[in-house]
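Q: Below is the file coords23.cif, which contains mmCIF, C-alpha atoms and all ligand atoms.
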data_work
loop_
_atom_site.label_atom_id
_atom_site.label_comp_id
_atom_site.auth_asym_id
_atom_site.auth_seq_id
_atom_site.Cartn_x
_atom_site.Cartn_y
_atom_site.Cartn_z
CA MET H 1 77.27 -79.31 233.79
CA ASN H 2 78.20 -77.98 230.40
CA SER H 3 77.37 -79.62 227.12
CA SER H 4 80.41 -81.21 225.55
CA THR H 5 81.92 -79.43 222.61
CA GLN H 6 83.61 -82.60 221.47
CA GLU H 7 80.72 -84.05 219.54
CA THR H 8 80.78 -83.41 215.81
CA THR H 9 78.49 -84.25 212.97
CA LYS H 10 81.25 -85.74 210.81
CA PRO H 11 79.92 -88.87 209.09
CA LYS H 12 81.87 -92.06 209.75
CA LYS H 13 80.91 -93.94 206.64
CA LYS H 14 78.96 -93.36 203.44
CA GLY H 15 75.40 -94.58 203.11
CA GLY H 16 72.34 -94.38 205.30
CA LEU H 17 72.10 -90.61 204.57
CA ALA H 18 75.00 -90.11 207.02
CA GLY H 19 76.09 -86.48 207.13
CA ILE H 20 73.20 -85.34 204.91
CA THR H 21 71.17 -82.37 206.10
CA ALA H 22 67.65 -83.47 205.20
CA GLY H 23 65.71 -80.40 206.30
CA GLN H 24 65.47 -77.59 208.82
CA THR H 25 64.24 -77.73 212.40
CA ALA H 26 63.84 -75.33 215.32
CA ILE H 27 63.19 -78.16 217.78
CA ALA H 28 66.57 -79.65 218.71
CA THR H 29 70.30 -79.62 218.08
CA VAL H 30 72.21 -82.90 218.27
CA GLY H 31 75.99 -82.84 218.60
CA LYS H 32 76.42 -79.38 217.14
CA GLU H 33 79.73 -77.87 218.14
CA GLY H 34 79.23 -75.47 221.04
CA LYS H 35 75.61 -76.52 221.43
CA GLY H 36 75.54 -80.27 222.21
CA LEU H 37 72.03 -81.55 222.76
CA THR H 38 69.42 -78.85 223.17
CA TYR H 39 65.62 -78.78 223.04
CA ARG H 40 64.46 -75.45 221.62
CA GLY H 41 67.73 -73.89 222.75
CA TYR H 42 67.73 -75.31 226.29
CA SER H 43 70.61 -77.54 227.34
CA ILE H 44 69.60 -81.13 228.07
CA TYR H 45 71.63 -80.87 231.28
CA ASP H 46 69.54 -77.96 232.59
CA LEU H 47 66.31 -79.69 231.64
CA ALA H 48 67.33 -83.00 233.23
CA GLU H 49 68.47 -81.26 236.41
CA HIS H 50 65.69 -78.75 236.97
CA SER H 51 62.69 -79.60 234.82
CA THR H 52 59.97 -82.24 234.65
CA PHE H 53 58.92 -84.30 231.66
CA GLU H 54 55.61 -82.45 231.45
CA GLU H 55 57.43 -79.10 231.23
CA VAL H 56 59.63 -80.51 228.49
CA ALA H 57 56.64 -81.91 226.60
CA HIS H 58 55.02 -78.46 226.78
CA LEU H 59 58.27 -76.90 225.55
CA LEU H 60 58.35 -79.26 222.58
CA LEU H 61 54.66 -79.17 221.66
CA VAL H 62 53.69 -75.59 222.48
CA GLY H 63 57.08 -73.98 221.89
CA HIS H 64 58.01 -72.55 225.29
CA LEU H 65 58.54 -73.66 228.89
CA PRO H 66 55.21 -73.26 230.69
CA ASN H 67 54.52 -70.92 233.58
CA GLN H 68 52.80 -72.47 236.59
CA SER H 69 49.23 -72.01 235.36
CA GLU H 70 50.10 -73.28 231.87
CA LEU H 71 51.78 -76.33 233.41
CA ASP H 72 48.81 -77.02 235.69
CA GLU H 73 46.45 -76.84 232.72
CA PHE H 74 48.73 -79.03 230.58
CA LYS H 75 48.93 -81.69 233.30
CA THR H 76 45.18 -81.56 233.85
CA GLN H 77 44.67 -82.24 230.14
CA LEU H 78 47.16 -85.11 230.19
CA ARG H 79 45.39 -86.68 233.16
CA ALA H 80 42.03 -86.27 231.42
CA ASN H 81 43.46 -88.20 228.47
CA ARG H 82 44.49 -91.29 230.45
CA ALA H 83 41.24 -93.24 230.14
CA ILE H 84 40.89 -95.30 226.96
CA PRO H 85 37.63 -96.50 225.35
CA GLU H 86 36.22 -99.98 225.97
CA GLU H 87 36.58 -100.87 222.26
CA LEU H 88 40.34 -100.34 222.61
CA CYS H 89 40.47 -102.25 225.91
CA SER H 90 38.68 -105.12 224.21
CA ALA H 91 41.18 -105.13 221.32
CA LEU H 92 44.05 -105.11 223.83
CA ARG H 93 42.59 -108.08 225.67
CA ASP H 94 42.71 -110.01 222.37
CA ILE H 95 46.44 -109.46 221.87
CA PRO H 96 48.40 -112.55 222.99
CA ALA H 97 50.38 -112.47 226.23
CA ASP H 98 53.62 -113.26 224.38
CA ALA H 99 53.31 -110.28 222.01
CA HIS H 100 56.08 -107.73 222.20
CA PRO H 101 54.83 -104.60 224.03
CA MET H 102 56.10 -102.47 221.12
CA ASP H 103 53.66 -104.31 218.87
CA VAL H 104 50.96 -103.64 221.45
CA LEU H 105 51.70 -99.92 221.44
CA ARG H 106 51.87 -99.81 217.65
CA THR H 107 48.51 -101.56 217.41
CA GLY H 108 47.02 -99.50 220.25
CA CYS H 109 48.06 -96.26 218.56
CA SER H 110 46.58 -97.36 215.27
CA MET H 111 43.33 -98.50 216.93
CA LEU H 112 43.03 -95.19 218.79
CA GLY H 113 43.31 -93.50 215.39
CA VAL H 114 40.42 -95.64 214.15
CA LEU H 115 38.22 -94.82 217.14
CA GLU H 116 39.14 -91.14 217.47
CA PRO H 117 40.47 -90.01 214.07
CA GLU H 118 42.26 -86.71 213.65
CA LYS H 119 39.52 -84.70 211.98
CA SER H 120 41.72 -81.88 210.72
CA PHE H 121 45.16 -80.44 211.28
CA ALA H 122 43.51 -77.88 213.58
CA ASP H 123 42.99 -80.89 215.85
CA GLN H 124 46.70 -81.68 216.11
CA GLN H 125 47.42 -80.46 219.67
CA ARG H 126 44.45 -82.41 221.02
CA VAL H 127 45.64 -85.57 219.27
CA ALA H 128 49.19 -85.14 220.60
CA LEU H 129 47.93 -84.78 224.18
CA ARG H 130 45.62 -87.74 223.65
CA MET H 131 48.55 -89.95 222.69
CA LEU H 132 50.78 -88.68 225.49
CA GLY H 133 48.02 -89.30 228.01
CA ALA H 134 46.74 -92.60 226.64
CA PHE H 135 49.91 -94.50 225.67
CA PRO H 136 50.86 -95.52 229.25
CA SER H 137 47.29 -96.75 229.76
CA ILE H 138 47.32 -98.75 226.49
CA LEU H 139 50.60 -100.42 227.39
CA LEU H 140 49.76 -101.21 231.00
CA TYR H 141 46.15 -102.20 230.45
CA TRP H 142 47.39 -104.94 228.14
CA TYR H 143 50.35 -105.85 230.34
CA ARG H 144 48.44 -106.17 233.60
CA PHE H 145 45.53 -107.99 231.93
CA LYS H 146 47.90 -110.55 230.43
CA ASN H 147 49.97 -110.83 233.63
CA GLY H 148 47.43 -111.54 236.34
CA GLY H 149 44.10 -110.82 234.66
CA THR H 150 43.72 -107.35 236.22
CA LYS H 151 41.66 -104.80 234.28
CA ILE H 152 43.39 -101.68 235.57
CA ASP H 153 41.36 -98.55 236.02
CA PHE H 154 42.81 -95.28 234.85
CA ALA H 155 42.24 -93.25 238.00
CA SER H 156 45.38 -92.24 239.86
CA GLU H 157 46.66 -89.68 242.34
CA GLN H 158 49.92 -89.52 240.38
CA ASP H 159 50.04 -86.29 238.43
CA SER H 160 53.11 -87.15 236.33
CA ILE H 161 53.43 -89.63 233.48
CA ALA H 162 56.43 -91.13 235.29
CA GLY H 163 54.45 -91.71 238.49
CA TYR H 164 51.37 -92.97 236.65
CA PHE H 165 53.43 -95.45 234.64
CA LEU H 166 55.20 -96.86 237.72
CA GLU H 167 51.99 -97.03 239.76
CA LYS H 168 50.06 -98.89 237.06
CA LEU H 169 52.98 -101.19 236.25
CA HIS H 170 53.52 -102.33 239.82
CA GLY H 171 49.98 -101.83 241.16
CA LYS H 172 51.17 -99.76 244.11
CA ASN H 173 52.36 -96.29 245.05
CA PRO H 174 55.77 -95.75 243.45
CA ASP H 175 58.97 -94.90 245.30
CA GLU H 176 59.70 -91.16 244.96
CA THR H 177 63.30 -91.72 243.82
CA HIS H 178 62.01 -94.03 241.10
CA VAL H 179 59.50 -91.44 239.96
CA ARG H 180 62.22 -88.81 239.58
CA ALA H 181 64.60 -91.27 237.87
CA MET H 182 61.85 -92.20 235.42
CA ASP H 183 60.97 -88.54 234.89
CA VAL H 184 64.61 -87.72 234.04
CA SER H 185 64.76 -90.69 231.70
CA LEU H 186 61.63 -89.44 229.91
CA ILE H 187 63.24 -85.99 229.57
CA LEU H 188 66.37 -87.53 228.03
CA TYR H 189 64.38 -89.65 225.58
CA ALA H 190 61.92 -86.91 224.54
CA GLU H 191 63.58 -85.55 221.42
CA HIS H 192 66.60 -86.10 219.17
CA GLU H 193 66.29 -84.19 215.90
CA PHE H 194 66.15 -86.23 212.64
CA ASN H 195 66.67 -89.71 214.12
CA ALA H 196 65.18 -92.65 212.20
CA SER H 197 61.76 -92.76 213.89
CA THR H 198 61.29 -88.98 213.78
CA PHE H 199 62.27 -88.98 210.13
CA THR H 200 59.70 -91.73 209.53
CA ALA H 201 57.04 -89.56 211.17
CA ARG H 202 58.05 -86.57 209.04
CA VAL H 203 58.04 -88.57 205.80
CA CYS H 204 54.55 -89.85 206.58
CA THR H 205 53.35 -86.39 207.64
CA ALA H 206 54.72 -84.84 204.46
CA THR H 207 52.17 -86.81 202.43
CA LEU H 208 49.48 -84.92 204.45
CA SER H 209 48.56 -88.12 206.26
CA ASP H 210 47.16 -88.06 209.80
CA GLN H 211 49.06 -87.93 213.07
CA TYR H 212 48.14 -91.44 214.21
CA SER H 213 49.57 -92.90 210.99
CA ALA H 214 52.81 -90.96 211.42
CA ILE H 215 53.20 -92.09 215.03
CA THR H 216 52.30 -95.71 214.23
CA GLY H 217 55.11 -95.72 211.65
CA ALA H 218 57.49 -94.07 214.09
CA ILE H 219 56.80 -96.73 216.74
CA GLY H 220 57.58 -99.44 214.19
CA THR H 221 60.85 -97.73 213.33
CA LEU H 222 61.85 -97.24 216.94
CA ARG H 223 61.33 -100.94 217.64
CA GLY H 224 64.51 -102.04 215.82
CA PRO H 225 67.65 -102.81 217.86
CA LEU H 226 69.76 -100.29 215.93
CA HIS H 227 67.40 -97.61 217.29
CA GLY H 228 65.21 -97.78 220.42
CA GLY H 229 65.35 -101.54 220.75
CA ALA H 230 68.99 -101.22 221.83
CA ASN H 231 68.06 -100.68 225.49
CA GLU H 232 66.47 -104.14 225.71
CA ALA H 233 69.39 -105.77 223.89
CA ALA H 234 71.83 -103.98 226.24
CA MET H 235 70.05 -105.46 229.27
CA GLU H 236 70.21 -108.94 227.81
CA LEU H 237 73.95 -108.49 227.35
CA ILE H 238 74.62 -107.10 230.84
CA GLU H 239 72.64 -109.90 232.49
CA LYS H 240 74.83 -112.55 230.87
CA PHE H 241 77.76 -111.76 233.14
CA ASP H 242 78.27 -112.53 236.84
CA ASN H 243 81.12 -110.12 237.44
CA PRO H 244 83.23 -107.51 235.62
CA ASP H 245 86.10 -109.89 234.77
CA VAL H 246 83.75 -112.39 233.15
CA ALA H 247 82.14 -109.48 231.30
CA GLU H 248 85.49 -108.33 229.97
CA THR H 249 86.38 -111.82 228.70
CA GLY H 250 82.94 -112.26 227.14
CA LEU H 251 83.04 -108.88 225.50
CA MET H 252 86.52 -109.42 224.04
CA LYS H 253 85.21 -112.62 222.47
CA MET H 254 82.19 -110.82 221.01
CA LEU H 255 84.37 -108.08 219.59
CA ALA H 256 86.73 -110.66 218.08
CA GLU H 257 83.66 -112.17 216.39
CA LYS H 258 82.78 -108.66 215.10
CA GLN H 259 79.46 -108.67 216.95
CA LEU H 260 77.61 -105.40 217.44
CA ILE H 261 77.41 -104.40 221.09
CA MET H 262 74.03 -102.82 221.65
CA GLY H 263 73.92 -99.53 223.53
CA PHE H 264 77.22 -98.29 222.06
CA GLY H 265 78.01 -95.93 219.24
CA HIS H 266 75.95 -93.31 217.52
CA ARG H 267 75.41 -91.98 214.02
CA VAL H 268 75.94 -88.33 214.97
CA TYR H 269 77.95 -88.21 218.21
CA THR H 270 81.54 -89.31 217.75
CA VAL H 271 83.09 -88.99 221.22
CA SER H 272 80.25 -89.21 223.74
CA ASP H 273 76.49 -89.12 224.07
CA PRO H 274 75.74 -86.17 226.38
CA ARG H 275 72.73 -88.00 227.80
CA ASN H 276 74.91 -90.84 229.03
CA GLU H 277 76.48 -89.06 231.99
CA VAL H 278 73.03 -88.14 233.31
CA ILE H 279 71.49 -91.60 233.03
CA LYS H 280 74.69 -93.26 234.23
CA SER H 281 74.61 -91.27 237.47
CA TRP H 282 70.99 -92.34 237.98
CA ALA H 283 71.88 -95.97 237.30
CA GLU H 284 74.62 -95.74 239.92
CA LYS H 285 72.28 -94.15 242.46
CA LEU H 286 69.60 -96.81 241.89
CA SER H 287 72.22 -99.56 242.03
CA HIS H 288 73.20 -98.38 245.54
CA GLN H 289 69.54 -98.14 246.51
CA VAL H 290 68.89 -101.82 245.69
CA GLY H 291 72.29 -103.04 246.99
CA ASP H 292 73.41 -104.21 243.56
CA THR H 293 77.01 -105.42 243.38
CA VAL H 294 76.92 -107.00 239.92
CA LEU H 295 74.96 -105.24 237.18
CA TYR H 296 76.30 -101.73 237.61
CA PRO H 297 79.97 -102.81 237.96
CA VAL H 298 79.51 -105.11 234.94
CA SER H 299 78.02 -102.22 232.96
CA VAL H 300 80.89 -99.92 233.88
CA ARG H 301 83.46 -102.54 232.83
CA ILE H 302 81.70 -103.13 229.50
CA ALA H 303 81.84 -99.38 228.85
CA GLU H 304 85.56 -99.28 229.74
CA VAL H 305 86.37 -102.17 227.41
CA MET H 306 84.34 -100.67 224.56
CA TRP H 307 86.22 -97.38 224.84
CA ARG H 308 89.63 -99.06 225.22
CA GLU H 309 89.14 -101.50 222.35
CA LYS H 310 86.90 -99.63 219.88
CA LYS H 311 86.74 -96.00 221.02
CA LEU H 312 82.99 -96.54 221.22
CA PHE H 313 81.01 -94.86 224.01
CA PRO H 314 77.72 -95.79 225.67
CA ASN H 315 74.68 -94.07 224.22
CA LEU H 316 71.55 -93.27 226.25
CA ASP H 317 70.26 -96.82 225.88
CA PHE H 318 73.12 -98.54 227.70
CA PHE H 319 72.77 -97.21 231.26
CA SER H 320 69.00 -96.73 230.82
CA ALA H 321 68.86 -100.52 230.79
CA SER H 322 70.28 -101.06 234.28
CA ALA H 323 68.47 -97.98 235.64
CA TYR H 324 65.12 -99.43 234.54
CA HIS H 325 66.08 -102.87 235.81
CA PHE H 326 66.80 -101.49 239.29
CA MET H 327 63.30 -99.96 239.28
CA GLY H 328 61.83 -103.45 238.74
CA ILE H 329 60.78 -102.76 235.16
CA PRO H 330 60.62 -105.88 232.94
CA THR H 331 63.08 -105.68 230.03
CA PRO H 332 60.42 -105.83 227.23
CA MET H 333 59.00 -102.57 228.65
CA PHE H 334 62.23 -100.63 228.04
CA THR H 335 61.64 -99.59 224.41
CA PRO H 336 57.94 -98.84 225.05
CA ILE H 337 59.01 -96.36 227.77
CA PHE H 338 61.04 -94.64 225.04
CA VAL H 339 57.79 -94.30 223.05
CA LEU H 340 55.88 -92.80 226.01
CA SER H 341 58.42 -89.99 225.98
CA ARG H 342 59.47 -89.62 222.32
CA VAL H 343 55.86 -89.19 221.23
CA ALA H 344 56.29 -85.57 222.43
CA GLY H 345 59.24 -85.05 220.08
CA TRP H 346 57.54 -86.90 217.22
CA CYS H 347 54.42 -84.74 217.46
CA ALA H 348 56.50 -81.54 217.64
CA HIS H 349 58.15 -82.61 214.38
CA ILE H 350 54.78 -83.41 212.82
CA PHE H 351 53.59 -79.88 213.67
CA GLU H 352 56.79 -78.40 212.27
CA GLN H 353 56.57 -80.45 209.08
CA ARG H 354 52.96 -79.39 208.56
CA SER H 355 53.80 -75.73 209.12
CA ASN H 356 56.08 -75.64 206.07
CA ASN H 357 55.29 -78.81 204.18
CA LYS H 358 56.93 -80.28 201.12
CA LEU H 359 56.60 -83.92 200.08
CA ILE H 360 59.74 -85.82 201.11
CA ARG H 361 60.76 -87.90 198.14
CA PRO H 362 64.49 -88.23 197.49
CA GLY H 363 66.03 -89.71 194.36
CA ALA H 364 68.10 -92.88 194.07
CA GLU H 365 71.21 -93.77 192.14
CA TYR H 366 70.18 -96.63 189.85
CA ILE H 367 72.63 -99.57 189.94
CA GLY H 368 70.49 -102.30 188.30
CA PRO H 369 70.71 -103.78 184.78
CA ASP H 370 69.84 -101.80 181.62
CA ASP H 371 68.43 -102.74 178.21
CA GLN H 372 66.80 -106.00 179.27
CA LYS H 373 65.06 -107.79 176.41
CA TYR H 374 61.47 -108.70 177.40
CA VAL H 375 60.78 -112.45 177.07
CA PRO H 376 57.08 -113.52 177.05
CA LEU H 377 56.06 -115.78 179.97
CA SER H 378 55.56 -118.83 177.74
CA GLU H 379 59.14 -118.59 176.45
CA ARG H 380 60.94 -118.16 179.79
CA SER H 381 63.03 -121.10 180.99
N1 LIG H 401 79.45 -102.44 218.49
C1 LIG H 401 80.49 -102.84 217.74
N2 LIG H 401 80.94 -102.15 216.69
C2 LIG H 401 80.31 -101.02 216.38
C3 LIG H 401 79.22 -100.54 217.12
C4 LIG H 401 78.79 -101.29 218.21
N3 LIG H 401 77.77 -100.89 218.96
N4 LIG H 401 78.79 -99.37 216.59
C5 LIG H 401 79.58 -99.12 215.54
N5 LIG H 401 80.48 -100.11 215.41
C6 LIG H 401 81.51 -100.22 214.39
C7 LIG H 401 80.84 -100.56 213.08
O1 LIG H 401 80.72 -101.96 212.91
C8 LIG H 401 81.79 -99.96 212.08
O2 LIG H 401 82.90 -100.80 211.95
P1 LIG H 401 83.55 -101.03 210.49
O3 LIG H 401 84.00 -99.66 210.05
O4 LIG H 401 84.64 -101.99 210.76
O5 LIG H 401 82.46 -101.57 209.61
C9 LIG H 401 82.28 -98.70 212.81
O6 LIG H 401 82.07 -98.94 214.20
C10 LIG H 401 81.54 -97.45 212.39
O7 LIG H 401 80.16 -97.61 212.66
P2 LIG H 401 79.02 -97.35 211.60
O8 LIG H 401 78.38 -98.65 211.24
O9 LIG H 401 79.51 -96.49 210.48
O10 LIG H 401 78.03 -96.48 212.45
P3 LIG H 401 76.57 -96.01 212.02
O11 LIG H 401 76.54 -94.54 212.16
O12 LIG H 401 76.13 -96.57 210.72
O13 LIG H 401 75.69 -96.72 213.11
C11 LIG H 401 74.65 -97.19 215.14
C12 LIG H 401 75.31 -96.11 214.30
C13 LIG H 401 74.05 -96.52 216.36
C14 LIG H 401 73.55 -97.87 214.34
C15 LIG H 401 75.73 -98.21 215.55
O14 LIG H 401 76.70 -97.57 216.36
C16 LIG H 401 75.14 -99.39 216.26
O15 LIG H 401 74.69 -100.34 215.61
N6 LIG H 401 75.10 -99.37 217.62
C17 LIG H 401 74.44 -100.41 218.35
C18 LIG H 401 72.94 -100.17 218.41
C19 LIG H 401 72.58 -99.04 219.31
O16 LIG H 401 73.07 -98.90 220.41
N7 LIG H 401 71.62 -98.23 218.84
C20 LIG H 401 71.12 -97.11 219.60
C21 LIG H 401 71.59 -95.83 219.00
S1 LIG H 401 71.16 -94.46 220.02
#
Would you give me this structure, written as C-alpha cells?

A:
Amino acid sequence: MNSSTQETTKPKKKGGLAGITAGQTAIATVGKEGKGLTYRGYSIYDLAEHSTFEEVAHLLLVGHLPNQSELDEFKTQLRANRAIPEELCSALRDIPADAHPMDVLRTGCSMLGVLEPEKSFADQQRVALRMLGAFPSILLYWYRFKNGGTKIDFASEQDSIAGYFLEKLHGKNPDETHVRAMDVSLILYAEHEFNASTFTARVCTATLSDQYSAITGAIGTLRGPLHGGANEAAMELIEKFDNPDVAETGLMKMLAEKQLIMGFGHRVYTVSDPRNEVIKSWAEKLSHQVGDTVLYPVSVRIAEVMWREKKLFPNLDFFSASAYHFMGIPTPMFTPIFVLSRVAGWCAHIFEQRSNNKLIRPGAEYIGPDDQKYVPLSERS
C-alpha cells in the first residue's frame, strides 16, 4: 500500500492553533504531501504490515528499528517492568469500580511517579520503559479486582504488550488473530506528531518537569471525546442501530441537529486518515470471525453517509471501536488501550523536547475591557 498524497495540512478554520507550526520534530510526519503518516521516515503501512508494536516502540524511543538482539533485550526489559509495587496495587484497590479507566490510568501513572520518581533526565529511558511495561498491569489490576475480586499476578508467557493485555483482561490465553489485531492497533496509535496530548506532554516537559507529570497531563488530554475518547463514543453510536437502514435514518437526524459524529473528521487530514484503511480491514476480518452481521455493516453505512453528506471520513477511532468490540474488549477500555500505545510516542517527544529545550509560552491577543476604574469592595453594588 502507498501512503495517500491527498492529505494536506490546510487549516479548515481559524482558532485552536490550526495550521500553526509550533515546533520541529524528527519523530513523525502527519498528512504531509508525498509522505502521509510516517514514524521516523517509515510508512505506517509498512510498519502495520510487517512490524510489531515493540519494534515500533524501539524505533520511537531509541531512534531506529531494532535488530534481533536489540529487540530481544527491549522485550526482556518491558517484561521485567510489568510488575507493580504493592503500594500502587493498594491505591488501585481503593479506586471505585465505577471510575473511568482513564482516570485509573492517570492516577496510576501519577502514583508510580510518587513511588519511583524520575531522579534525573539521564533516567528517562528507564522511566519510559517502566511506563510502557507497567501501564497494562495498572489498568488490568484495577479492572479485574473491581470485576470479580481477582488480584492478578503479573507473570505471563505472553512476550508482547498486545498478548499480555488480552491475557490479563480475559484471564485466559488470547486468540492469535486477536493478538495480531491488537498489535497492529497499537502500532497505529503509537505516534501522531503534535496532537493535543503530545503537545500537552511537550508543554509540561518544556518547564523541565518530570516525565511522569508530562504523561499524567497527556493522559488527561487524551481522555476527551474530541481526541482519544472518540473511540468509546463511536462504539456507543454504532451500538444504537440494529441495521444499516436504521443507522442511515438515525445519522441523518443527528446531522440535521448539527450533532458531532465521533470518529469522523480530523484537524490535519482533509480527505482520509491513512490509518483507517488498515484498522477497517481488521474490523472486517474480526467481524467475519465472530459471525457479526450488524455492527460492521452499520459502521460501513455510517461511514458512507458521513462522506456523502459531509465529506467527512472515518479517523482511526471509528473502526477501532468495532475491532475492539469483536475482541470482547469492554468499551471503557478503548481509550486506555490508546494510552498503552501512545505512551511510546509521548516519551519520544519528551526526549526530543529535552534535547533542545525552550519554554513553550505563546502570547495571546487581549480582547477584554481596558481602563477599568477600581472600586473598593465596600462601595461595590
Ligand atoms: N461530525 C459532524 N461534523 C463535523 C465533524 C464530525 N465528526 N467534524 C467536523 N465537523 C464539522 C464541524 O462542525 C465544522 O462545521 P462548521 O464549519 O459548520 O462549523 C466543520 O466540519 C469543520 O470542522 P472543524 O470544527 O473546523 O474541525 P477541527 O479541525 O476543529 O476539529 C475534530 C477536528 C477531530 C476535533 C473534529 O473533526 C471532531 O470533533 N471530530 C469528532 C471527534 C473525533 O473523532 N476525534 C478524534 C480525532 S482523531

Q: List every residue of chain H that has an atom at most 7 Å from any atom of ligand LIG 401 (chain H), giving for each one its closest atom pair and the distance in Å to one decimal, counting only C-alpha atoms and all ligand atoms, sorted by chain and then by ascending residue number, as a Markdown table.

A:
| residue | atom | partner | partner_atom | distance |
| --- | --- | --- | --- | --- |
| H:Lys12 | CA | H:LIG401 | O9 | 5.1 |
| H:Lys13 | CA | H:LIG401 | O9 | 4.8 |
| H:Gly16 | CA | H:LIG401 | O12 | 7.0 |
| H:Ala18 | CA | H:LIG401 | O11 | 7.0 |
| H:Pro225 | CA | H:LIG401 | C18 | 5.9 |
| H:Leu226 | CA | H:LIG401 | N7 | 4.0 |
| H:His227 | CA | H:LIG401 | C20 | 4.4 |
| H:Gly228 | CA | H:LIG401 | C20 | 6.0 |
| H:Ala230 | CA | H:LIG401 | C19 | 4.9 |
| H:Leu255 | CA | H:LIG401 | C1 | 6.8 |
| H:Lys258 | CA | H:LIG401 | C1 | 6.8 |
| H:Gln259 | CA | H:LIG401 | C1 | 6.0 |
| H:Leu260 | CA | H:LIG401 | N1 | 3.6 |
| H:Ile261 | CA | H:LIG401 | N1 | 3.8 |
| H:Met262 | CA | H:LIG401 | C17 | 4.1 |
| H:Gly263 | CA | H:LIG401 | O16 | 3.3 |
| H:Phe264 | CA | H:LIG401 | N3 | 4.1 |
| H:Gly265 | CA | H:LIG401 | O14 | 3.6 |
| H:His266 | CA | H:LIG401 | C13 | 3.9 |
| H:Arg267 | CA | H:LIG401 | O11 | 3.4 |
| H:Val268 | CA | H:LIG401 | O11 | 6.8 |
| H:Leu312 | CA | H:LIG401 | C3 | 6.9 |
| H:Asn315 | CA | H:LIG401 | S1 | 5.5 |
| H:Leu316 | CA | H:LIG401 | S1 | 6.4 |
| H:Asp317 | CA | H:LIG401 | C20 | 6.3 |

Q: Counting all atoms listed in the file, which residue out of H:Leu222, H:Leu37, H:Leu92, H:Ile161 sits closest to H:Phe334?

A: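 Closest to H:Phe334 of all the choices is H:Leu222.
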
Q: What are the closest atom pairs, with distances in Å to one decimal, for each residue of stretch 171-212 of chain H lying within 12 Å of stretch 288-307 of chain H, using all atoms listed in the file, rows by chain and rising residue number, as a Markdown table?

A:
| residue | atom | partner | partner_atom | distance |
| --- | --- | --- | --- | --- |
| H:Asp175 | CA | H:Gln289 | CA | 11.1 |
| H:Thr177 | CA | H:Gln289 | CA | 9.3 |
| H:His178 | CA | H:Gln289 | CA | 10.1 |

Q: Keeping C-alpha atoms, export the residues of the selection given above as a CSV table (one decimal), in the frame of the given file.

A:
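The resulting file, part28.csv, is shown below:
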chain,number,residue,atom,x,y,z
H,175,ASP,CA,59.0,-94.9,245.3
H,177,THR,CA,63.3,-91.7,243.8
H,178,HIS,CA,62.0,-94.0,241.1

Q: Report the distance between atom CA of H:Asp103 and atom CA of H:Ala80 in Å, rounded to one decimal place.

A: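 Between atom CA of H:Asp103 and atom CA of H:Ala80 the gap is 24.9 Å.
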
Q: When distances are computed from all atoms listed in the file, which of H:Leu251, H:Leu60, H:Leu377, H:Ala344 shows the smallest separation from H:Val127?

A: H:Ala344

Q: Using only C-alpha atoms, which residues sit within 9 Å of H:Ile44 once same-chain residues fewer than 2 positions away are excluded, as number ranges by chain?

A: H: 3, 36-39, 42, 46-49, 187-188, 274-275

Q: Compile the contact shell of H:Ala91 as a ChimeraX atom specification: residues with an atom at most 10 Å away, counting all atoms listed in the file, same-chain residues fewer than 6 positions apart removed.

A: /H:104,107-108,111,142

Q: For H:Phe154, which residue among H:Arg79, H:Ala206, H:Ala97, H:Leu115 is the nearest when counting only C-alpha atoms?

A: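 Using only C-alpha atoms, H:Phe154 sits closest to H:Arg79.
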
Q: Please report the interatomic distance between atom CA of H:Ile27 and atom CA of H:Ala201 in Å with one decimal.

A: 14.5 Å

Q: Would you please work out which residue, of H:Glu365, H:Glu284, H:Glu87, H:Glu54, is nearest to H:Leu132 when using all atoms listed in the file?

A: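 Among H:Glu365, H:Glu284, H:Glu87, H:Glu54, it is H:Glu54 that comes nearest to H:Leu132.
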
Q: Residues within 12 Å of H:Ser90, please, as a list in words. Count only C-alpha atoms; anything in the same chain fewer than 3 positions from it doesn't count.

A: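 Selected residues are Ile84, Pro85, Glu86, Glu87, Arg93, Asp94, Ile95, Gly108, Met111, Ile138, Tyr141, Trp142, Phe145 and Lys151 of chain H.
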
Q: Just the selected residues (C-alpha atoms), exported as a short mmCIF file (atom, residue, chain, number, x, y, z; two decimals), in the frame of the given file, please.

A:
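Saved result, selection.cif, follows:
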data_model
loop_
_atom_site.label_atom_id
_atom_site.label_comp_id
_atom_site.auth_asym_id
_atom_site.auth_seq_id
_atom_site.Cartn_x
_atom_site.Cartn_y
_atom_site.Cartn_z
CA ILE H 84 40.89 -95.30 226.96
CA PRO H 85 37.63 -96.50 225.35
CA GLU H 86 36.22 -99.98 225.97
CA GLU H 87 36.58 -100.87 222.26
CA ARG H 93 42.59 -108.08 225.67
CA ASP H 94 42.71 -110.01 222.37
CA ILE H 95 46.44 -109.46 221.87
CA GLY H 108 47.02 -99.50 220.25
CA MET H 111 43.33 -98.50 216.93
CA ILE H 138 47.32 -98.75 226.49
CA TYR H 141 46.15 -102.20 230.45
CA TRP H 142 47.39 -104.94 228.14
CA PHE H 145 45.53 -107.99 231.93
CA LYS H 151 41.66 -104.80 234.28
#

Q: Would you mind reading off the distance between atom CA of H:Met333 and atom CA of H:Thr270, one decimal, in Å?

A: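 So the two atoms, atom CA of H:Met333 and atom CA of H:Thr270, lie 28.3 Å apart.
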
Q: Using only C-alpha atoms, find the one residue out of H:Gly224, H:Pro314, H:Gly63, H:Gly113 that sits nearest to H:Thr335.

A: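 Ranked by minimum distance to H:Thr335, first place goes to H:Gly224.
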
Q: Hey, which of H:Ala321, H:Val203, H:Lys280, H:Glu33 ends up closest to H:Glu239? Count all atoms listed in the file.

A: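 Smallest distance to H:Glu239 is found for H:Ala321.
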
Q: Near H:Leu59, counting all atoms listed in the file, which residues have an atom at most 12 Å away, once you skip same-chain residues fewer than 2 positions from it, shown as a ChimeraX atom specification?

A: /H:26-28,38-42,47,51-57,61-67,70-71,74,187,190-191,344-345,347-348
